[in-house]
file final.txt (compact mmCIF, N, CA and C atoms)
# COMPACT_ATOMS: atom_id res chain seq x y z
N MET A 1 7.30 -40.43 -75.76
CA MET A 1 7.04 -39.23 -74.99
C MET A 1 8.36 -38.57 -74.59
N THR A 2 8.35 -37.28 -74.61
CA THR A 2 9.54 -36.55 -74.16
C THR A 2 9.31 -36.05 -72.75
N GLU A 3 10.38 -35.99 -72.02
CA GLU A 3 10.28 -35.53 -70.64
C GLU A 3 10.47 -34.03 -70.59
N LYS A 4 9.58 -33.35 -69.92
CA LYS A 4 9.69 -31.90 -69.77
C LYS A 4 10.59 -31.58 -68.60
N THR A 5 11.36 -30.53 -68.75
CA THR A 5 12.22 -30.10 -67.65
C THR A 5 11.71 -28.78 -67.11
N VAL A 6 11.89 -28.62 -65.84
CA VAL A 6 11.46 -27.39 -65.18
C VAL A 6 12.70 -26.72 -64.62
N SER A 7 12.88 -25.46 -64.98
CA SER A 7 14.02 -24.71 -64.48
C SER A 7 13.78 -24.31 -63.03
N THR A 8 14.82 -24.46 -62.24
CA THR A 8 14.71 -24.03 -60.84
C THR A 8 15.16 -22.60 -60.67
N LYS A 9 15.67 -21.99 -61.74
CA LYS A 9 16.10 -20.60 -61.67
C LYS A 9 14.88 -19.69 -61.79
N PRO A 10 14.83 -18.61 -61.00
CA PRO A 10 13.69 -17.70 -61.12
C PRO A 10 13.68 -17.03 -62.49
N ALA A 11 12.49 -16.79 -62.99
CA ALA A 11 12.35 -16.16 -64.31
C ALA A 11 12.87 -14.74 -64.30
N VAL A 12 12.67 -14.05 -63.19
CA VAL A 12 13.12 -12.67 -63.05
C VAL A 12 13.95 -12.58 -61.79
N ASN A 13 15.09 -11.95 -61.88
CA ASN A 13 15.94 -11.79 -60.70
C ASN A 13 15.45 -10.58 -59.92
N MET A 14 14.65 -10.83 -58.88
CA MET A 14 14.08 -9.74 -58.09
C MET A 14 14.75 -9.72 -56.72
N LYS A 15 15.26 -8.60 -56.35
CA LYS A 15 15.87 -8.42 -55.05
C LYS A 15 14.94 -7.56 -54.20
N ARG A 16 14.57 -8.08 -53.03
CA ARG A 16 13.67 -7.33 -52.16
C ARG A 16 14.49 -6.33 -51.36
N THR A 17 14.11 -5.10 -51.45
CA THR A 17 14.75 -4.06 -50.65
C THR A 17 13.66 -3.36 -49.84
N ASP A 18 13.85 -3.34 -48.56
CA ASP A 18 12.90 -2.68 -47.66
C ASP A 18 13.43 -1.31 -47.30
N SER A 19 12.54 -0.38 -47.17
CA SER A 19 12.89 0.94 -46.63
C SER A 19 11.88 1.25 -45.54
N ILE A 20 12.30 2.05 -44.61
CA ILE A 20 11.39 2.41 -43.51
C ILE A 20 10.15 3.10 -44.05
N SER A 21 10.34 4.05 -44.94
CA SER A 21 9.18 4.78 -45.47
C SER A 21 8.29 3.86 -46.31
N GLY A 22 8.89 2.93 -47.04
CA GLY A 22 8.10 1.99 -47.84
C GLY A 22 7.26 1.07 -46.98
N LEU A 23 7.87 0.55 -45.92
CA LEU A 23 7.12 -0.33 -45.02
C LEU A 23 6.03 0.44 -44.27
N GLU A 24 6.33 1.68 -43.88
CA GLU A 24 5.31 2.49 -43.22
C GLU A 24 4.13 2.76 -44.16
N ALA A 25 4.42 3.00 -45.43
CA ALA A 25 3.36 3.22 -46.41
C ALA A 25 2.53 1.94 -46.60
N ASP A 26 3.20 0.81 -46.66
CA ASP A 26 2.49 -0.47 -46.79
C ASP A 26 1.58 -0.71 -45.58
N LEU A 27 2.09 -0.39 -44.40
CA LEU A 27 1.28 -0.55 -43.19
C LEU A 27 0.06 0.37 -43.21
N ALA A 28 0.25 1.59 -43.66
CA ALA A 28 -0.88 2.53 -43.75
C ALA A 28 -1.94 2.00 -44.71
N PHE A 29 -1.50 1.43 -45.83
CA PHE A 29 -2.44 0.86 -46.80
C PHE A 29 -3.22 -0.30 -46.18
N ILE A 30 -2.52 -1.20 -45.48
CA ILE A 30 -3.17 -2.35 -44.87
C ILE A 30 -4.16 -1.89 -43.80
N GLU A 31 -3.78 -0.90 -43.01
CA GLU A 31 -4.69 -0.38 -41.98
C GLU A 31 -5.93 0.24 -42.62
N ALA A 32 -5.76 0.91 -43.74
CA ALA A 32 -6.92 1.48 -44.45
C ALA A 32 -7.82 0.37 -44.96
N ARG A 33 -7.24 -0.70 -45.50
CA ARG A 33 -8.04 -1.83 -45.98
C ARG A 33 -8.81 -2.48 -44.83
N LEU A 34 -8.17 -2.60 -43.68
CA LEU A 34 -8.85 -3.16 -42.52
C LEU A 34 -10.01 -2.27 -42.07
N ALA A 35 -9.80 -0.96 -42.11
CA ALA A 35 -10.87 -0.03 -41.73
C ALA A 35 -12.05 -0.14 -42.69
N LEU A 36 -11.77 -0.31 -43.97
CA LEU A 36 -12.86 -0.46 -44.95
C LEU A 36 -13.65 -1.75 -44.74
N LEU A 37 -12.96 -2.78 -44.26
CA LEU A 37 -13.65 -4.05 -44.03
C LEU A 37 -14.71 -3.95 -42.93
N LEU A 38 -14.54 -3.00 -42.03
CA LEU A 38 -15.51 -2.84 -40.94
C LEU A 38 -16.89 -2.48 -41.48
N HIS A 39 -16.94 -1.91 -42.68
CA HIS A 39 -18.21 -1.50 -43.27
C HIS A 39 -18.80 -2.55 -44.20
N GLN A 40 -18.15 -3.69 -44.29
CA GLN A 40 -18.62 -4.78 -45.15
C GLN A 40 -19.50 -5.73 -44.35
N PRO A 41 -20.42 -6.42 -45.02
CA PRO A 41 -21.24 -7.42 -44.32
C PRO A 41 -20.36 -8.53 -43.74
N ASP A 42 -20.80 -9.09 -42.65
CA ASP A 42 -20.05 -10.16 -41.98
C ASP A 42 -20.23 -11.47 -42.73
N THR A 43 -19.24 -11.80 -43.55
CA THR A 43 -19.28 -13.03 -44.34
C THR A 43 -17.98 -13.80 -44.15
N ILE A 44 -17.95 -15.01 -44.64
CA ILE A 44 -16.73 -15.80 -44.58
C ILE A 44 -15.63 -15.13 -45.39
N TYR A 45 -16.01 -14.56 -46.54
CA TYR A 45 -15.04 -13.88 -47.39
C TYR A 45 -14.42 -12.69 -46.65
N ARG A 46 -15.25 -11.91 -45.97
CA ARG A 46 -14.74 -10.77 -45.20
C ARG A 46 -13.82 -11.23 -44.09
N ALA A 47 -14.20 -12.30 -43.41
CA ALA A 47 -13.37 -12.83 -42.32
C ALA A 47 -12.01 -13.30 -42.86
N ALA A 48 -12.02 -13.91 -44.03
CA ALA A 48 -10.76 -14.36 -44.64
C ALA A 48 -9.89 -13.17 -45.01
N GLN A 49 -10.50 -12.14 -45.57
CA GLN A 49 -9.75 -10.93 -45.90
C GLN A 49 -9.16 -10.30 -44.64
N GLN A 50 -9.97 -10.20 -43.61
CA GLN A 50 -9.51 -9.58 -42.37
C GLN A 50 -8.34 -10.37 -41.79
N HIS A 51 -8.46 -11.68 -41.78
CA HIS A 51 -7.38 -12.52 -41.25
C HIS A 51 -6.10 -12.31 -42.08
N THR A 52 -6.25 -12.27 -43.39
CA THR A 52 -5.09 -12.09 -44.27
C THR A 52 -4.43 -10.73 -44.04
N TYR A 53 -5.23 -9.67 -43.97
CA TYR A 53 -4.67 -8.34 -43.75
C TYR A 53 -4.02 -8.21 -42.37
N GLU A 54 -4.62 -8.81 -41.35
CA GLU A 54 -4.03 -8.75 -40.01
C GLU A 54 -2.70 -9.51 -39.97
N THR A 55 -2.63 -10.65 -40.65
CA THR A 55 -1.39 -11.42 -40.71
C THR A 55 -0.32 -10.63 -41.46
N LEU A 56 -0.69 -10.03 -42.57
CA LEU A 56 0.24 -9.23 -43.35
C LEU A 56 0.72 -8.03 -42.53
N LYS A 57 -0.19 -7.42 -41.80
CA LYS A 57 0.17 -6.27 -40.97
C LYS A 57 1.22 -6.66 -39.92
N LEU A 58 1.03 -7.81 -39.28
CA LEU A 58 2.00 -8.28 -38.29
C LEU A 58 3.36 -8.53 -38.91
N GLN A 59 3.37 -9.13 -40.10
CA GLN A 59 4.63 -9.39 -40.79
C GLN A 59 5.33 -8.09 -41.17
N LEU A 60 4.57 -7.13 -41.67
CA LEU A 60 5.16 -5.84 -42.04
C LEU A 60 5.70 -5.11 -40.82
N GLN A 61 4.96 -5.17 -39.70
CA GLN A 61 5.42 -4.53 -38.47
C GLN A 61 6.73 -5.17 -38.00
N GLN A 62 6.83 -6.48 -38.12
CA GLN A 62 8.04 -7.17 -37.71
C GLN A 62 9.22 -6.79 -38.61
N ARG A 63 8.99 -6.72 -39.91
CA ARG A 63 10.05 -6.32 -40.84
C ARG A 63 10.49 -4.89 -40.56
N LEU A 64 9.53 -4.00 -40.27
CA LEU A 64 9.85 -2.61 -39.97
C LEU A 64 10.69 -2.51 -38.70
N GLU A 65 10.28 -3.23 -37.67
CA GLU A 65 11.02 -3.22 -36.41
C GLU A 65 12.44 -3.77 -36.61
N ASN A 66 12.57 -4.85 -37.37
CA ASN A 66 13.89 -5.42 -37.64
C ASN A 66 14.76 -4.43 -38.40
N LEU A 67 14.19 -3.75 -39.38
CA LEU A 67 14.94 -2.78 -40.16
C LEU A 67 15.39 -1.61 -39.28
N LYS A 68 14.50 -1.13 -38.43
CA LYS A 68 14.87 -0.03 -37.53
C LYS A 68 15.97 -0.46 -36.58
N ASN A 69 15.90 -1.68 -36.06
CA ASN A 69 16.94 -2.18 -35.16
C ASN A 69 18.28 -2.31 -35.88
N ARG A 70 18.27 -2.81 -37.11
CA ARG A 70 19.51 -2.94 -37.89
C ARG A 70 20.10 -1.57 -38.16
N LEU A 71 19.26 -0.60 -38.50
CA LEU A 71 19.74 0.75 -38.76
C LEU A 71 20.35 1.36 -37.49
N GLU A 72 19.69 1.16 -36.36
CA GLU A 72 20.19 1.69 -35.09
C GLU A 72 21.54 1.07 -34.74
N GLU A 73 21.68 -0.26 -34.92
CA GLU A 73 22.95 -0.93 -34.64
C GLU A 73 24.05 -0.44 -35.58
N HIS A 74 23.71 -0.24 -36.83
CA HIS A 74 24.68 0.25 -37.80
C HIS A 74 25.15 1.66 -37.43
N GLN A 75 24.22 2.50 -36.98
CA GLN A 75 24.59 3.86 -36.61
C GLN A 75 25.47 3.88 -35.37
N LYS A 76 25.28 2.92 -34.47
CA LYS A 76 26.13 2.84 -33.28
C LYS A 76 27.56 2.42 -33.65
N LYS A 77 27.69 1.55 -34.66
CA LYS A 77 28.99 1.05 -35.07
C LYS A 77 29.75 2.04 -35.93
N THR A 78 29.04 2.89 -36.64
CA THR A 78 29.66 3.83 -37.57
C THR A 78 29.95 5.14 -36.84
N PRO A 79 31.23 5.53 -36.78
CA PRO A 79 31.55 6.80 -36.11
C PRO A 79 30.99 7.98 -36.90
N ALA A 80 30.54 8.97 -36.18
CA ALA A 80 29.98 10.17 -36.80
C ALA A 80 31.10 11.04 -37.34
N THR A 81 30.87 11.60 -38.52
CA THR A 81 31.84 12.55 -39.10
C THR A 81 31.58 13.92 -38.49
N PRO A 82 32.54 14.84 -38.59
CA PRO A 82 32.32 16.19 -38.02
C PRO A 82 31.07 16.88 -38.54
N GLU A 83 30.71 16.65 -39.81
CA GLU A 83 29.51 17.27 -40.37
C GLU A 83 28.23 16.72 -39.70
N GLN A 84 28.26 15.44 -39.35
CA GLN A 84 27.08 14.83 -38.74
C GLN A 84 26.90 15.27 -37.29
N LYS A 85 27.96 15.67 -36.63
CA LYS A 85 27.90 16.05 -35.22
C LYS A 85 27.24 17.42 -35.04
N ARG A 86 27.20 18.22 -36.08
CA ARG A 86 26.65 19.58 -35.97
C ARG A 86 25.17 19.56 -35.85
call {"tool": "encode", "arguments": {"input": "final.txt", "output": "structure tokens"}}
result
Amino acid sequence: MTEKTVSTKPAVNMKRTDSISGLEADLAFIEARLALLLHQPDTIYRAAQQHTYETLKLQLQQRLENLKNRLEEHQKKTPATPEQKR
């Protein structure tokens, strides 16, 4: 028998980049999905979906808040140029 090896390197080099508008769009999508669930029959599957979407919504809100805070701190550290002051 030959021993199989498993690569620990990711198959695709994906870098996650967040943007405020992207996260806001994701949040809007999740909120729409949650609103649609209100019209579904009350089942275990619906409850699982709702729990998943609510958890995802909280994570996205936290990432958005962190990004806004980082942007605000960066803007405080970076002096404004004369063009930006106008």
call {"tool": "closest_residue", "arguments": {"input": "final.txt", "among": "A:Lys77, A:His39, A:Arg33, A:Lys68", "to": "A:Ser21", "atoms": "only C-alpha atoms"}}
result
A:Lys68
call {"tool": "closest_residue", "arguments": {"input": "final.txt", "among": "A:Leu67, A:Gln49, A:His74, A:Gly22", "to": "A:Ala35", "atoms": "only C-alpha atoms"}}
result
A:Gln49
call {"tool": "atom_distance", "arguments": {"input": "final.txt", "atom1": "atom CA of A:Gln61", "atom2": "atom CA of A:Pro41"}}
result
27.4 Å
call {"tool": "closest_residue", "arguments": {"input": "final.txt", "among": "A:Leu27, A:Ile44, A:Leu38, A:Ala32", "to": "A:Leu56", "atoms": "all atoms listed in the file"}}
result
A:Leu27
